[in-house]
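The file my_file_15.csv comes next; it holds CSV, C-alpha atoms.
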```csv
chain,number,residue,atom,x,y,z
A,561,MET,CA,-6.4,-83.7,-19.4
A,562,LEU,CA,-7.0,-85.5,-16.1
A,563,GLN,CA,-5.9,-89.0,-15.1
A,564,ALA,CA,-7.5,-91.2,-12.4
A,565,ILE,CA,-5.7,-93.6,-10.2
A,566,ALA,CA,-7.5,-96.1,-8.0
A,567,HIS,CA,-6.3,-96.9,-4.5
A,568,GLU,CA,-7.9,-99.8,-2.8
A,569,TYR,CA,-8.0,-100.1,1.0
A,570,ASP,CA,-9.5,-102.4,3.6
A,571,LEU,CA,-10.2,-100.1,6.6
A,572,PRO,CA,-10.0,-102.0,9.9
A,573,LEU,CA,-12.6,-100.8,12.5
A,574,ARG,CA,-12.0,-100.4,16.2
A,575,HIS,CA,-14.9,-102.7,16.9
A,576,VAL,CA,-17.3,-104.9,14.9
A,577,PHE,CA,-19.9,-102.3,13.7
A,578,SER,CA,-23.5,-103.6,13.6
A,579,ILE,CA,-26.7,-102.0,12.4
A,580,SER,CA,-30.1,-103.6,12.2
A,581,ARG,CA,-29.3,-105.4,8.9
A,582,GLU,CA,-25.6,-106.3,8.9
A,583,SER,CA,-22.3,-106.3,10.7
A,584,THR,CA,-18.7,-105.5,9.6
A,585,SER,CA,-15.2,-105.4,11.1
A,586,VAL,CA,-13.4,-104.3,7.9
A,587,GLN,CA,-14.7,-101.8,5.5
A,588,PRO,CA,-13.5,-102.0,1.9
A,589,THR,CA,-13.1,-98.6,0.2
A,590,LEU,CA,-11.9,-97.1,-3.0
A,591,VAL,CA,-9.9,-93.8,-3.0
A,592,VAL,CA,-9.7,-92.1,-6.4
A,593,GLU,CA,-6.7,-89.9,-7.1
A,594,LEU,CA,-7.3,-87.3,-9.8
A,595,THR,CA,-4.3,-85.5,-11.2
A,596,ASP,CA,-3.7,-82.8,-13.8
A,597,GLY,CA,0.0,-83.8,-14.0
A,598,LYS,CA,1.1,-81.4,-11.2
A,599,LEU,CA,-1.5,-81.5,-8.4
A,600,ARG,CA,-3.5,-84.3,-7.0
A,601,GLY,CA,-7.1,-84.4,-5.6
A,602,TYR,CA,-8.6,-87.3,-3.7
A,603,GLY,CA,-12.1,-88.7,-3.3
A,604,GLU,CA,-13.6,-91.8,-1.7
A,605,ALA,CA,-16.4,-94.3,-1.9
A,606,THR,CA,-16.9,-97.3,0.3
A,607,THR,CA,-18.4,-100.6,-0.9
A,608,ASN,CA,-22.0,-101.2,0.2
A,609,ASN,CA,-24.0,-104.5,0.2
A,610,TYR,CA,-27.4,-102.7,0.7
A,611,TYR,CA,-26.9,-100.8,-2.6
A,612,GLY,CA,-25.0,-103.5,-4.4
A,613,ILE,CA,-21.7,-101.6,-4.7
A,614,THR,CA,-18.5,-103.6,-4.9
A,615,ARG,CA,-15.0,-102.5,-5.7
A,616,GLU,CA,-15.1,-104.4,-9.0
A,617,ARG,CA,-18.2,-102.4,-10.0
A,618,MET,CA,-16.4,-99.2,-9.1
A,619,ARG,CA,-13.3,-100.1,-11.0
A,620,ASP,CA,-15.5,-100.8,-14.1
A,621,SER,CA,-17.2,-97.4,-13.6
A,622,LEU,CA,-13.8,-95.7,-13.3
A,623,ASP,CA,-12.8,-97.2,-16.7
A,624,LYS,CA,-16.0,-95.8,-18.2
A,625,ALA,CA,-15.1,-92.3,-16.9
A,626,ARG,CA,-11.5,-92.2,-18.2
A,627,PRO,CA,-12.4,-90.9,-21.7
A,628,VAL,CA,-14.4,-88.0,-20.1
A,629,LEU,CA,-11.5,-87.2,-17.8
A,630,ALA,CA,-9.0,-87.3,-20.7
A,631,ALA,CA,-11.0,-84.6,-22.5
A,632,VAL,CA,-10.9,-82.1,-19.7
A,633,GLY,CA,-9.1,-78.8,-20.3
A,634,ASP,CA,-9.7,-76.3,-17.5
A,635,LEU,CA,-11.3,-78.2,-14.6
A,636,GLN,CA,-14.8,-77.1,-13.7
A,637,PRO,CA,-16.1,-79.6,-11.1
A,638,GLU,CA,-19.8,-78.9,-11.7
A,639,LEU,CA,-19.5,-79.3,-15.4
A,640,LEU,CA,-17.4,-82.4,-15.0
A,641,TRP,CA,-20.0,-83.9,-12.7
A,642,SER,CA,-22.7,-83.4,-15.4
A,643,GLN,CA,-20.5,-85.1,-18.0
A,644,LEU,CA,-19.6,-88.0,-15.7
A,645,GLN,CA,-23.2,-88.5,-14.5
A,646,LYS,CA,-24.2,-89.4,-18.1
A,647,GLU,CA,-21.7,-92.2,-18.0
A,648,LEU,CA,-22.2,-93.3,-14.4
A,649,ASP,CA,-25.9,-92.8,-13.8
A,650,ASP,CA,-26.1,-96.3,-12.3
A,651,ASP,CA,-23.2,-95.9,-10.0
A,652,PRO,CA,-23.4,-92.8,-7.7
A,653,PHE,CA,-20.7,-94.2,-5.5
A,654,THR,CA,-17.9,-93.9,-8.1
A,655,LEU,CA,-19.3,-90.6,-9.3
A,656,CYS,CA,-19.0,-89.4,-5.7
A,657,ALA,CA,-15.4,-90.4,-5.4
A,658,LEU,CA,-14.6,-88.6,-8.7
A,659,ASP,CA,-16.6,-85.5,-7.7
A,660,GLN,CA,-14.8,-85.3,-4.3
A,661,ALA,CA,-11.5,-85.7,-6.0
A,662,ALA,CA,-12.4,-83.0,-8.6
A,663,TRP,CA,-13.3,-80.5,-5.9
A,664,ASP,CA,-10.1,-81.3,-4.0
A,665,LEU,CA,-8.0,-80.8,-7.1
A,666,PHE,CA,-9.8,-77.6,-8.1
A,667,GLY,CA,-9.3,-76.2,-4.6
A,668,LYS,CA,-5.6,-77.0,-4.8
A,669,GLN,CA,-5.4,-75.4,-8.2
A,670,GLN,CA,-7.1,-72.2,-6.8
A,671,GLY,CA,-5.1,-72.3,-3.6
A,672,GLN,CA,-8.2,-72.2,-1.4
A,673,PRO,CA,-10.2,-74.6,0.7
A,674,VAL,CA,-13.3,-75.7,-1.1
A,675,TYR,CA,-15.7,-74.2,1.4
A,676,LYS,CA,-14.2,-70.8,0.8
A,677,LEU,CA,-14.6,-71.2,-2.9
A,678,TRP,CA,-18.3,-71.7,-2.2
A,679,GLY,CA,-18.4,-68.4,-0.2
A,680,LEU,CA,-18.8,-70.2,3.2
A,681,THR,CA,-17.1,-69.7,6.5
A,682,THR,CA,-16.5,-72.1,9.4
A,683,ASP,CA,-17.3,-69.6,12.1
A,684,ARG,CA,-20.3,-71.6,13.2
A,685,THR,CA,-20.5,-75.4,12.4
A,686,PRO,CA,-22.5,-78.2,14.0
A,687,ALA,CA,-20.9,-80.8,16.2
A,688,SER,CA,-20.7,-84.4,14.9
A,689,ASN,CA,-22.1,-87.3,16.8
A,690,TYR,CA,-20.1,-90.5,17.6
A,691,THR,CA,-21.9,-93.6,16.5
A,692,ILE,CA,-22.4,-96.7,18.8
A,693,GLY,CA,-23.2,-99.8,16.8
A,694,ILE,CA,-25.6,-102.5,18.0
A,695,ASP,CA,-24.0,-104.9,20.5
A,696,SER,CA,-24.7,-106.3,23.9
A,697,ILE,CA,-25.7,-103.6,26.3
A,698,ASP,CA,-22.5,-103.9,28.3
A,699,LYS,CA,-20.4,-103.6,25.1
A,700,MET,CA,-22.4,-100.6,23.9
A,701,VAL,CA,-21.8,-98.9,27.3
A,702,ALA,CA,-18.0,-99.7,27.0
A,703,LYS,CA,-17.9,-98.2,23.5
A,704,LEU,CA,-19.4,-95.0,24.8
A,705,GLN,CA,-16.9,-94.9,27.7
A,706,GLU,CA,-14.1,-95.5,25.3
A,707,MET,CA,-15.0,-92.2,23.5
A,708,PRO,CA,-15.9,-89.9,26.4
A,709,ASP,CA,-16.8,-86.2,26.1
A,710,TRP,CA,-18.5,-86.2,22.7
A,711,PRO,CA,-21.4,-83.8,22.8
A,712,ILE,CA,-23.7,-86.1,20.8
A,713,TYR,CA,-23.9,-89.9,20.5
A,714,LYS,CA,-25.9,-91.7,17.7
A,715,ILE,CA,-27.2,-95.0,18.9
A,716,LYS,CA,-28.0,-97.7,16.4
A,717,LEU,CA,-31.2,-99.5,17.2
A,718,GLY,CA,-33.5,-102.1,15.7
A,719,THR,CA,-33.4,-104.8,18.4
A,720,PRO,CA,-35.8,-106.3,20.9
A,721,HIS,CA,-34.1,-104.3,23.6
A,722,ASP,CA,-34.0,-100.8,22.1
A,723,LEU,CA,-35.3,-98.9,25.1
A,724,GLU,CA,-33.2,-100.9,27.5
A,725,ILE,CA,-30.1,-99.9,25.5
A,726,VAL,CA,-30.9,-96.2,25.6
A,727,ARG,CA,-31.7,-96.3,29.3
A,728,ALA,CA,-28.4,-98.0,30.0
A,729,LEU,CA,-26.4,-95.5,28.0
A,730,ARG,CA,-28.2,-92.6,29.6
A,731,GLN,CA,-26.8,-93.6,33.0
A,732,HIS,CA,-23.3,-92.8,31.8
A,733,THR,CA,-23.6,-89.4,30.0
A,734,ARG,CA,-25.6,-86.3,29.8
A,735,ALA,CA,-24.8,-85.9,26.1
A,736,VAL,CA,-27.4,-85.5,23.4
A,737,PHE,CA,-28.6,-88.8,21.9
A,738,ARG,CA,-29.8,-89.5,18.4
A,739,VAL,CA,-31.1,-92.9,17.4
A,740,ASP,CA,-31.1,-94.6,14.0
A,741,ALA,CA,-33.3,-97.7,13.4
A,742,ASN,CA,-32.0,-98.2,9.8
A,743,CYS,CA,-35.5,-99.1,8.5
A,744,ALA,CA,-36.1,-101.7,11.3
A,745,TRP,CA,-39.3,-100.5,12.9
A,746,SER,CA,-43.0,-100.4,12.1
A,747,ALA,CA,-45.1,-97.2,12.4
A,748,GLU,CA,-46.7,-98.4,15.6
A,749,GLU,CA,-43.2,-99.2,17.0
A,750,ALA,CA,-41.7,-95.9,16.0
A,751,ILE,CA,-44.6,-93.9,17.5
A,752,GLY,CA,-44.6,-95.8,20.7
A,753,LYS,CA,-40.9,-95.7,21.3
A,754,SER,CA,-40.7,-92.0,20.4
A,755,HIS,CA,-42.4,-91.0,23.6
A,756,GLU,CA,-40.1,-93.0,25.8
A,757,LEU,CA,-37.0,-91.9,23.8
A,758,ALA,CA,-38.0,-88.2,24.2
A,759,LYS,CA,-37.9,-88.7,27.9
A,760,LEU,CA,-34.4,-90.1,27.6
A,761,GLY,CA,-32.9,-87.0,25.9
A,762,VAL,CA,-33.1,-88.2,22.3
A,763,GLU,CA,-32.9,-85.4,19.7
A,764,PHE,CA,-34.4,-87.1,16.7
A,765,ILE,CA,-35.0,-90.5,15.1
A,766,GLU,CA,-33.3,-91.4,11.9
A,767,GLN,CA,-35.0,-93.6,9.3
A,768,PRO,CA,-37.4,-95.5,11.6
A,769,LEU,CA,-39.3,-97.3,8.8
A,770,PRO,CA,-38.4,-99.2,5.6
A,771,ALA,CA,-37.5,-96.7,2.8
A,772,ALA,CA,-40.6,-97.5,0.7
A,773,ASP,CA,-43.2,-97.2,3.5
A,774,TRP,CA,-44.3,-93.6,2.7
A,775,GLU,CA,-47.8,-94.1,4.1
A,776,GLY,CA,-46.4,-95.4,7.4
A,777,VAL,CA,-43.8,-92.7,7.8
A,778,LYS,CA,-46.4,-90.0,7.1
A,779,ARG,CA,-48.3,-91.3,10.1
A,780,VAL,CA,-45.1,-91.3,12.2
A,781,TYR,CA,-44.4,-87.7,11.0
A,782,ARG,CA,-47.8,-86.7,12.4
A,783,GLU,CA,-47.8,-88.7,15.7
A,784,SER,CA,-44.1,-89.1,16.8
A,785,ALA,CA,-43.0,-87.3,19.9
A,786,LEU,CA,-39.7,-86.7,18.2
A,787,PRO,CA,-38.6,-85.3,14.8
A,788,ILE,CA,-37.7,-87.9,12.2
A,789,VAL,CA,-34.9,-87.6,9.6
A,790,ALA,CA,-34.8,-89.5,6.3
A,791,ASP,CA,-31.7,-91.5,5.3
A,792,GLU,CA,-32.6,-94.6,3.2
A,793,SER,CA,-35.7,-92.7,2.0
A,794,CYS,CA,-33.5,-89.8,0.6
A,795,ILE,CA,-31.0,-91.1,-1.8
A,796,CYS,CA,-30.9,-88.6,-4.7
A,797,GLU,CA,-32.1,-85.1,-5.6
A,798,ALA,CA,-35.5,-86.3,-6.7
A,799,ASP,CA,-36.2,-87.6,-3.2
A,800,VAL,CA,-35.9,-84.3,-1.3
A,801,ALA,CA,-39.3,-83.0,-2.4
A,802,LYS,CA,-40.9,-86.4,-1.6
A,803,CYS,CA,-39.6,-86.2,1.9
A,804,ARG,CA,-41.6,-83.0,2.6
A,805,GLY,CA,-44.5,-83.8,4.8
A,806,HIS,CA,-43.1,-87.2,5.7
A,807,PHE,CA,-39.8,-86.2,7.5
A,808,HIS,CA,-38.7,-83.2,9.4
A,809,GLY,CA,-35.2,-83.4,7.9
A,810,VAL,CA,-33.0,-85.2,5.4
A,811,ASN,CA,-29.7,-86.9,5.9
A,812,VAL,CA,-27.7,-86.6,2.6
A,813,LYS,CA,-25.0,-89.2,2.0
A,814,LEU,CA,-22.4,-88.2,-0.6
A,815,VAL,CA,-21.9,-91.7,-2.0
A,816,LYS,CA,-25.6,-92.2,-2.4
A,817,CYS,CA,-26.4,-89.0,-4.2
A,818,GLY,CA,-23.2,-88.8,-6.3
A,819,GLY,CA,-20.9,-86.4,-4.5
A,820,LEU,CA,-20.5,-82.8,-3.2
A,821,THR,CA,-22.1,-81.2,-6.3
A,822,PRO,CA,-25.6,-82.8,-6.0
A,823,ALA,CA,-25.3,-82.7,-2.2
A,824,ARG,CA,-25.1,-78.9,-2.2
A,825,ARG,CA,-28.3,-78.7,-4.3
A,826,MET,CA,-30.1,-81.2,-2.1
A,827,ILE,CA,-29.2,-79.3,1.1
A,828,ALA,CA,-30.3,-76.0,-0.5
A,829,GLU,CA,-33.6,-77.5,-1.6
A,830,ALA,CA,-34.3,-79.1,1.8
A,831,ARG,CA,-33.8,-75.7,3.4
A,832,GLU,CA,-36.2,-74.0,0.9
A,833,LEU,CA,-38.8,-76.6,1.8
A,834,GLY,CA,-38.5,-76.0,5.5
A,835,MET,CA,-36.6,-79.2,6.4
A,836,LYS,CA,-33.6,-79.6,8.6
A,837,THR,CA,-30.3,-80.6,6.8
A,838,MET,CA,-27.8,-83.3,7.8
A,839,VAL,CA,-24.9,-85.0,6.1
A,840,GLY,CA,-23.9,-88.5,7.2
A,841,CYS,CA,-20.9,-90.8,6.5
A,842,MET,CA,-20.5,-94.4,5.6
A,843,THR,CA,-17.4,-95.3,7.8
A,844,GLU,CA,-15.1,-93.6,5.3
A,845,SER,CA,-11.5,-92.7,6.0
A,846,THR,CA,-10.4,-89.1,6.4
A,847,VAL,CA,-10.6,-88.7,2.6
A,848,GLY,CA,-14.4,-88.9,2.6
A,849,ILE,CA,-14.7,-87.1,6.0
A,850,SER,CA,-12.7,-84.1,4.7
A,851,ALA,CA,-15.1,-83.8,1.8
A,852,ILE,CA,-18.1,-83.7,4.2
A,853,ALA,CA,-16.3,-81.0,6.2
A,854,GLN,CA,-16.7,-78.6,3.3
A,855,LEU,CA,-20.5,-78.7,3.7
A,856,LEU,CA,-20.6,-78.1,7.5
A,857,PRO,CA,-21.5,-74.4,7.3
A,858,MET,CA,-24.7,-75.4,5.4
A,859,LEU,CA,-25.9,-78.0,7.9
A,860,ASP,CA,-28.1,-78.3,11.0
A,861,PHE,CA,-26.7,-81.7,12.0
A,862,VAL,CA,-23.7,-83.9,10.9
A,863,ASP,CA,-22.5,-87.4,11.3
A,864,MET,CA,-18.9,-87.4,10.3
A,865,ASP,CA,-17.3,-89.8,12.7
A,866,GLY,CA,-16.2,-92.4,10.1
A,867,ALA,CA,-12.5,-92.0,10.6
A,868,ALA,CA,-13.0,-92.0,14.4
A,869,LEU,CA,-14.5,-95.5,14.1
A,870,LEU,CA,-11.3,-96.8,12.4
A,871,ALA,CA,-8.4,-98.6,14.0
A,872,ARG,CA,-6.1,-97.2,11.3
A,873,ASP,CA,-6.6,-94.3,8.8
A,874,VAL,CA,-5.1,-93.9,5.3
A,875,ALA,CA,-5.0,-90.1,5.0
A,876,THR,CA,-4.6,-86.8,6.7
A,877,GLY,CA,-7.0,-83.9,6.3
A,878,ALA,CA,-10.0,-82.7,8.4
A,879,ARG,CA,-10.1,-84.3,11.8
A,880,VAL,CA,-13.0,-84.7,14.2
A,881,ILE,CA,-12.0,-84.5,17.8
A,882,ARG,CA,-14.8,-84.9,20.4
A,883,GLY,CA,-17.3,-83.9,17.8
A,884,ARG,CA,-15.6,-80.8,16.6
A,885,CYS,CA,-14.1,-80.5,13.1
A,886,LEU,CA,-10.5,-79.3,12.9
A,887,TYR,CA,-9.7,-78.0,9.4
A,888,PRO,CA,-6.3,-78.4,7.9
A,889,ASP,CA,-4.4,-75.3,6.8
A,890,ALA,CA,-4.4,-76.5,3.2
A,891,PRO,CA,-6.3,-75.9,0.0
A,892,GLY,CA,-9.0,-78.1,-1.5
A,893,THR,CA,-10.4,-80.6,1.0
A,894,GLY,CA,-6.9,-80.7,2.5
A,895,VAL,CA,-6.4,-84.4,1.9
A,896,GLU,CA,-3.0,-86.2,1.5
A,897,LEU,CA,-2.6,-90.0,1.5
A,898,LEU,CA,-0.4,-91.6,4.1
A,899,PRO,CA,2.3,-94.0,2.8
A,900,LYS,CA,1.1,-97.6,2.6
```
Can you dump the structure from the file as structure tokens?
Amino acid sequence: MLQAIAHEYDLPLRHVFSISRESTSVQPTLVVELTDGKLRGYGEATTNNYYGITRERMRDSLDKARPVLAAVGDLQPELLWSQLQKELDDDPFTLCALDQAAWDLFGKQQGQPVYKLWGLTTDRTPASNYTIGIDSIDKMVAKLQEMPDWPIYKIKLGTPHDLEIVRALRQHTRAVFRVDANCAWSAEEAIGKSHELAKLGVEFIEQPLPAADWEGVKRVYRESALPIVADESCICEADVAKCRGHFHGVNVKLVKCGGLTPARRMIAEARELGMKTMVGCMTESTVGISAIAQLLPMLDFVDMDGAALLARDVATGARVIRGRCLYPDAPGTGVELLPK
């Protein structure tokens, strides 16, 4: 028998965080604690206006999940995910929080980090970028200088001054750049900007076009000077195959696909189809970031700077210091909540 406890937090950000479609200074999030009566596992899902996810909706979903949890004998996270997915097929965010918590709890029951239970090692893992949200050019430069020595910076774009922003930032670092338009560009715009961005040391472009513009993105795929990586166009497992021939890689978000269990399958499928693999975050606390850390050995790229963007965290676990993930000496995902 498992019990779920909901912990609600408002995560304060270091700075107002803006992308092409919205801005936020405080990120509401829900941390799910899953207990077998002895040990506790933790998972997280943030709210999200774009996908219509509120904490009220997640609380309702958690109530729907309780009978399934109460019937659990020996915890098997993949089996539990399948059972929960039938109840929460319209809410992958809550499913994600429960799945992360199940894997954390299972790892603690087994006395091993989750990545080891999957047969992975952390000998070679990709570095994370640090994300610079849209702002005035001077403020974006200041944000970069506030977090020096990261090997990669992801720059949010989708403004009338995109190339000016990247040129200004390039004057202050030799680090690798990635850019993310969050659906804001047209195909013409993406292709045209790609040639200038390539000259400025940009590695790839994330989600240049609206998610449903498959014809436009196929043209960008053919004509862009840079690789393009799907985000909003790759939400769930069924989307991976659709991205082949339209994107060079996919960015899997745990909350969008429903947790670690489906994310592993999506990453494996993308590799089989010859695409690059990435996992991104949604400004989660260390709870969600520690779950992402378990997937690092499977990835080409990662964006796990969520906790680094916060003014105050709510948990301990995996830490990202100047782009490198430092794993805790602890089983599961290594998460423990800090006192409120």
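With all atoms listed in the file as the basis for measurement, A:Ser621 is the residue among A:Gln705, A:Ser621, A:Gln563, A:Thr606 that approaches A:Gln645 most closely.
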With only C-alpha atoms as the counted atoms, please give the residues lying no more than 8 Å from stretch 863-865 of chain A, apart from itself and same-chain residues fewer than 6 positions off, as a short mmCIF file (atom, residue, chain, number, x, y, z; two decimals) with C-alpha atoms, in the frame of the given file.
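As written to disk, result_33.cif reads:
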```
data_model
loop_
_atom_site.label_atom_id
_atom_site.label_comp_id
_atom_site.auth_asym_id
_atom_site.auth_seq_id
_atom_site.Cartn_x
_atom_site.Cartn_y
_atom_site.Cartn_z
CA SER A 688 -20.70 -84.40 14.90
CA ASN A 689 -22.10 -87.30 16.80
CA TYR A 690 -20.10 -90.50 17.60
CA THR A 691 -21.90 -93.60 16.50
CA MET A 838 -27.80 -83.30 7.80
CA VAL A 839 -24.90 -85.00 6.10
CA GLY A 840 -23.90 -88.50 7.20
CA CYS A 841 -20.90 -90.80 6.50
CA THR A 843 -17.40 -95.30 7.80
CA ILE A 849 -14.70 -87.10 6.00
CA ILE A 852 -18.10 -83.70 4.20
CA VAL A 880 -13.00 -84.70 14.20
CA GLY A 883 -17.30 -83.90 17.80
#
```
| Pick from A:Pro673, A:Gly805, A:Gly818, A:Pro768: nearest to A:Tyr887, with all atoms listed in the file counted? | A:Pro673
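Minimum atom-to-atom distance to A:Val736, evaluated using only C-alpha atoms, belongs to A:Lys714 out of A:Lys714, A:Leu594, A:Ile579, A:Leu723.
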| message | Restricting the calculation to only C-alpha atoms: of A:Arg779, A:His575, A:Arg879, A:Arg619, which residue gets closest to A:Ala657? | response |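 Nearest to A:Ala657: A:Arg619.
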| said: List as a PyMOL selection string the protein and nucleic acid residues near A:Pro572, meaning an atom at most 7 Å away when only C-alpha atoms are counted, but skip any in the same chain fewer than 6 places from it. | reply: chain A and resi 585-587+870-872
| query | Smallest atom-to-atom distance to A:Tyr611: which of A:Val592, A:Val815, A:Leu869, A:Leu886, using all atoms listed in the file? | reply |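 Once distances to A:Tyr611 are computed over all atoms listed in the file, the minimum belongs to A:Val815.
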| Which of these residues is nearest to A:Val726, using all atoms listed in the file: A:Lys753, A:Arg615, A:Lys816, A:Lys668? | A:Lys753
| Can you tell me how far atom CA of A:Leu897 sits from atom CA of A:Tyr602, in Å to one decimal? | 8.4 Å
| said: For a quick check of your reading of the model, name the residues lying within 10 Å of the coordinate (-32.1, -89.7, -1.7), counting all atoms listed in the file, and write them as a list of chain:residue names. | reply: A:Ala771, A:Ala790, A:Asp791, A:Glu792, A:Ser793, A:Cys794, A:Ile795, A:Cys796, A:Glu797, A:Ala798, A:Asp799, A:Val800, A:Ala801, A:Lys802, A:Cys803, A:Val810, A:Asn811, A:Val812, A:Lys813, A:Leu814, A:Lys816, A:Cys817, A:Ala823, A:Met826
Within 12 Å of file point (-31.9, -98.9, 27.4), counting all atoms listed in the file, expressed as a PDB file with C-alpha atoms, in the coordinates of the input:
```
ATOM      1  CA  ILE A 694     -25.600-102.500  18.000  1.00  0.00           C
ATOM      2  CA  SER A 696     -24.700-106.300  23.900  1.00  0.00           C
ATOM      3  CA  ILE A 697     -25.700-103.600  26.300  1.00  0.00           C
ATOM      4  CA  ASP A 698     -22.500-103.900  28.300  1.00  0.00           C
ATOM      5  CA  MET A 700     -22.400-100.600  23.900  1.00  0.00           C
ATOM      6  CA  VAL A 701     -21.800 -98.900  27.300  1.00  0.00           C
ATOM      7  CA  ILE A 715     -27.200 -95.000  18.900  1.00  0.00           C
ATOM      8  CA  LYS A 716     -28.000 -97.700  16.400  1.00  0.00           C
ATOM      9  CA  LEU A 717     -31.200 -99.500  17.200  1.00  0.00           C
ATOM     10  CA  THR A 719     -33.400-104.800  18.400  1.00  0.00           C
ATOM     11  CA  PRO A 720     -35.800-106.300  20.900  1.00  0.00           C
ATOM     12  CA  HIS A 721     -34.100-104.300  23.600  1.00  0.00           C
ATOM     13  CA  ASP A 722     -34.000-100.800  22.100  1.00  0.00           C
ATOM     14  CA  LEU A 723     -35.300 -98.900  25.100  1.00  0.00           C
ATOM     15  CA  GLU A 724     -33.200-100.900  27.500  1.00  0.00           C
ATOM     16  CA  ILE A 725     -30.100 -99.900  25.500  1.00  0.00           C
ATOM     17  CA  VAL A 726     -30.900 -96.200  25.600  1.00  0.00           C
ATOM     18  CA  ARG A 727     -31.700 -96.300  29.300  1.00  0.00           C
ATOM     19  CA  ALA A 728     -28.400 -98.000  30.000  1.00  0.00           C
ATOM     20  CA  LEU A 729     -26.400 -95.500  28.000  1.00  0.00           C
ATOM     21  CA  ARG A 730     -28.200 -92.600  29.600  1.00  0.00           C
ATOM     22  CA  GLN A 731     -26.800 -93.600  33.000  1.00  0.00           C
ATOM     23  CA  HIS A 732     -23.300 -92.800  31.800  1.00  0.00           C
ATOM     24  CA  PHE A 737     -28.600 -88.800  21.900  1.00  0.00           C
ATOM     25  CA  VAL A 739     -31.100 -92.900  17.400  1.00  0.00           C
ATOM     26  CA  LYS A 753     -40.900 -95.700  21.300  1.00  0.00           C
ATOM     27  CA  GLU A 756     -40.100 -93.000  25.800  1.00  0.00           C
ATOM     28  CA  LEU A 757     -37.000 -91.900  23.800  1.00  0.00           C
ATOM     29  CA  LYS A 759     -37.900 -88.700  27.900  1.00  0.00           C
ATOM     30  CA  LEU A 760     -34.400 -90.100  27.600  1.00  0.00           C
ATOM     31  CA  VAL A 762     -33.100 -88.200  22.300  1.00  0.00           C
TER      32      VAL A 762
END
```
| query | Could you work out how far atom CA of A:Leu833 lies from atom CA of A:Met858, giving the answer in Å with one decimal? | reply |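 Atom CA of A:Leu833 lies 14.6 Å from atom CA of A:Met858.
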Selection: 7 Å around A:Ile788, all atoms listed in the file, excl. self and same-chain fewer than 2 positions, as a PDB file with C-alpha atoms, keeping the file's coordinate frame:
```pdb
ATOM      1  CA  PHE A 764     -34.400 -87.100  16.700  1.00  0.00           C
ATOM      2  CA  ILE A 765     -35.000 -90.500  15.100  1.00  0.00           C
ATOM      3  CA  GLU A 766     -33.300 -91.400  11.900  1.00  0.00           C
ATOM      4  CA  GLN A 767     -35.000 -93.600   9.300  1.00  0.00           C
ATOM      5  CA  TYR A 781     -44.400 -87.700  11.000  1.00  0.00           C
ATOM      6  CA  LEU A 786     -39.700 -86.700  18.200  1.00  0.00           C
ATOM      7  CA  ALA A 790     -34.800 -89.500   6.300  1.00  0.00           C
ATOM      8  CA  PHE A 807     -39.800 -86.200   7.500  1.00  0.00           C
ATOM      9  CA  HIS A 808     -38.700 -83.200   9.400  1.00  0.00           C
ATOM     10  CA  GLY A 809     -35.200 -83.400   7.900  1.00  0.00           C
TER      11      GLY A 809
END
```
As JSON, please: the centre and edge lengths in Å, to one decimal, of an axis-aligned box enclosing every listed atom of stretch 754-758 of chain A with 5 Å added on each side.
```
{"center_x": -39.7, "center_y": -90.6, "center_z": 23.1, "size_x": 15.4, "size_y": 14.8, "size_z": 15.4}
```
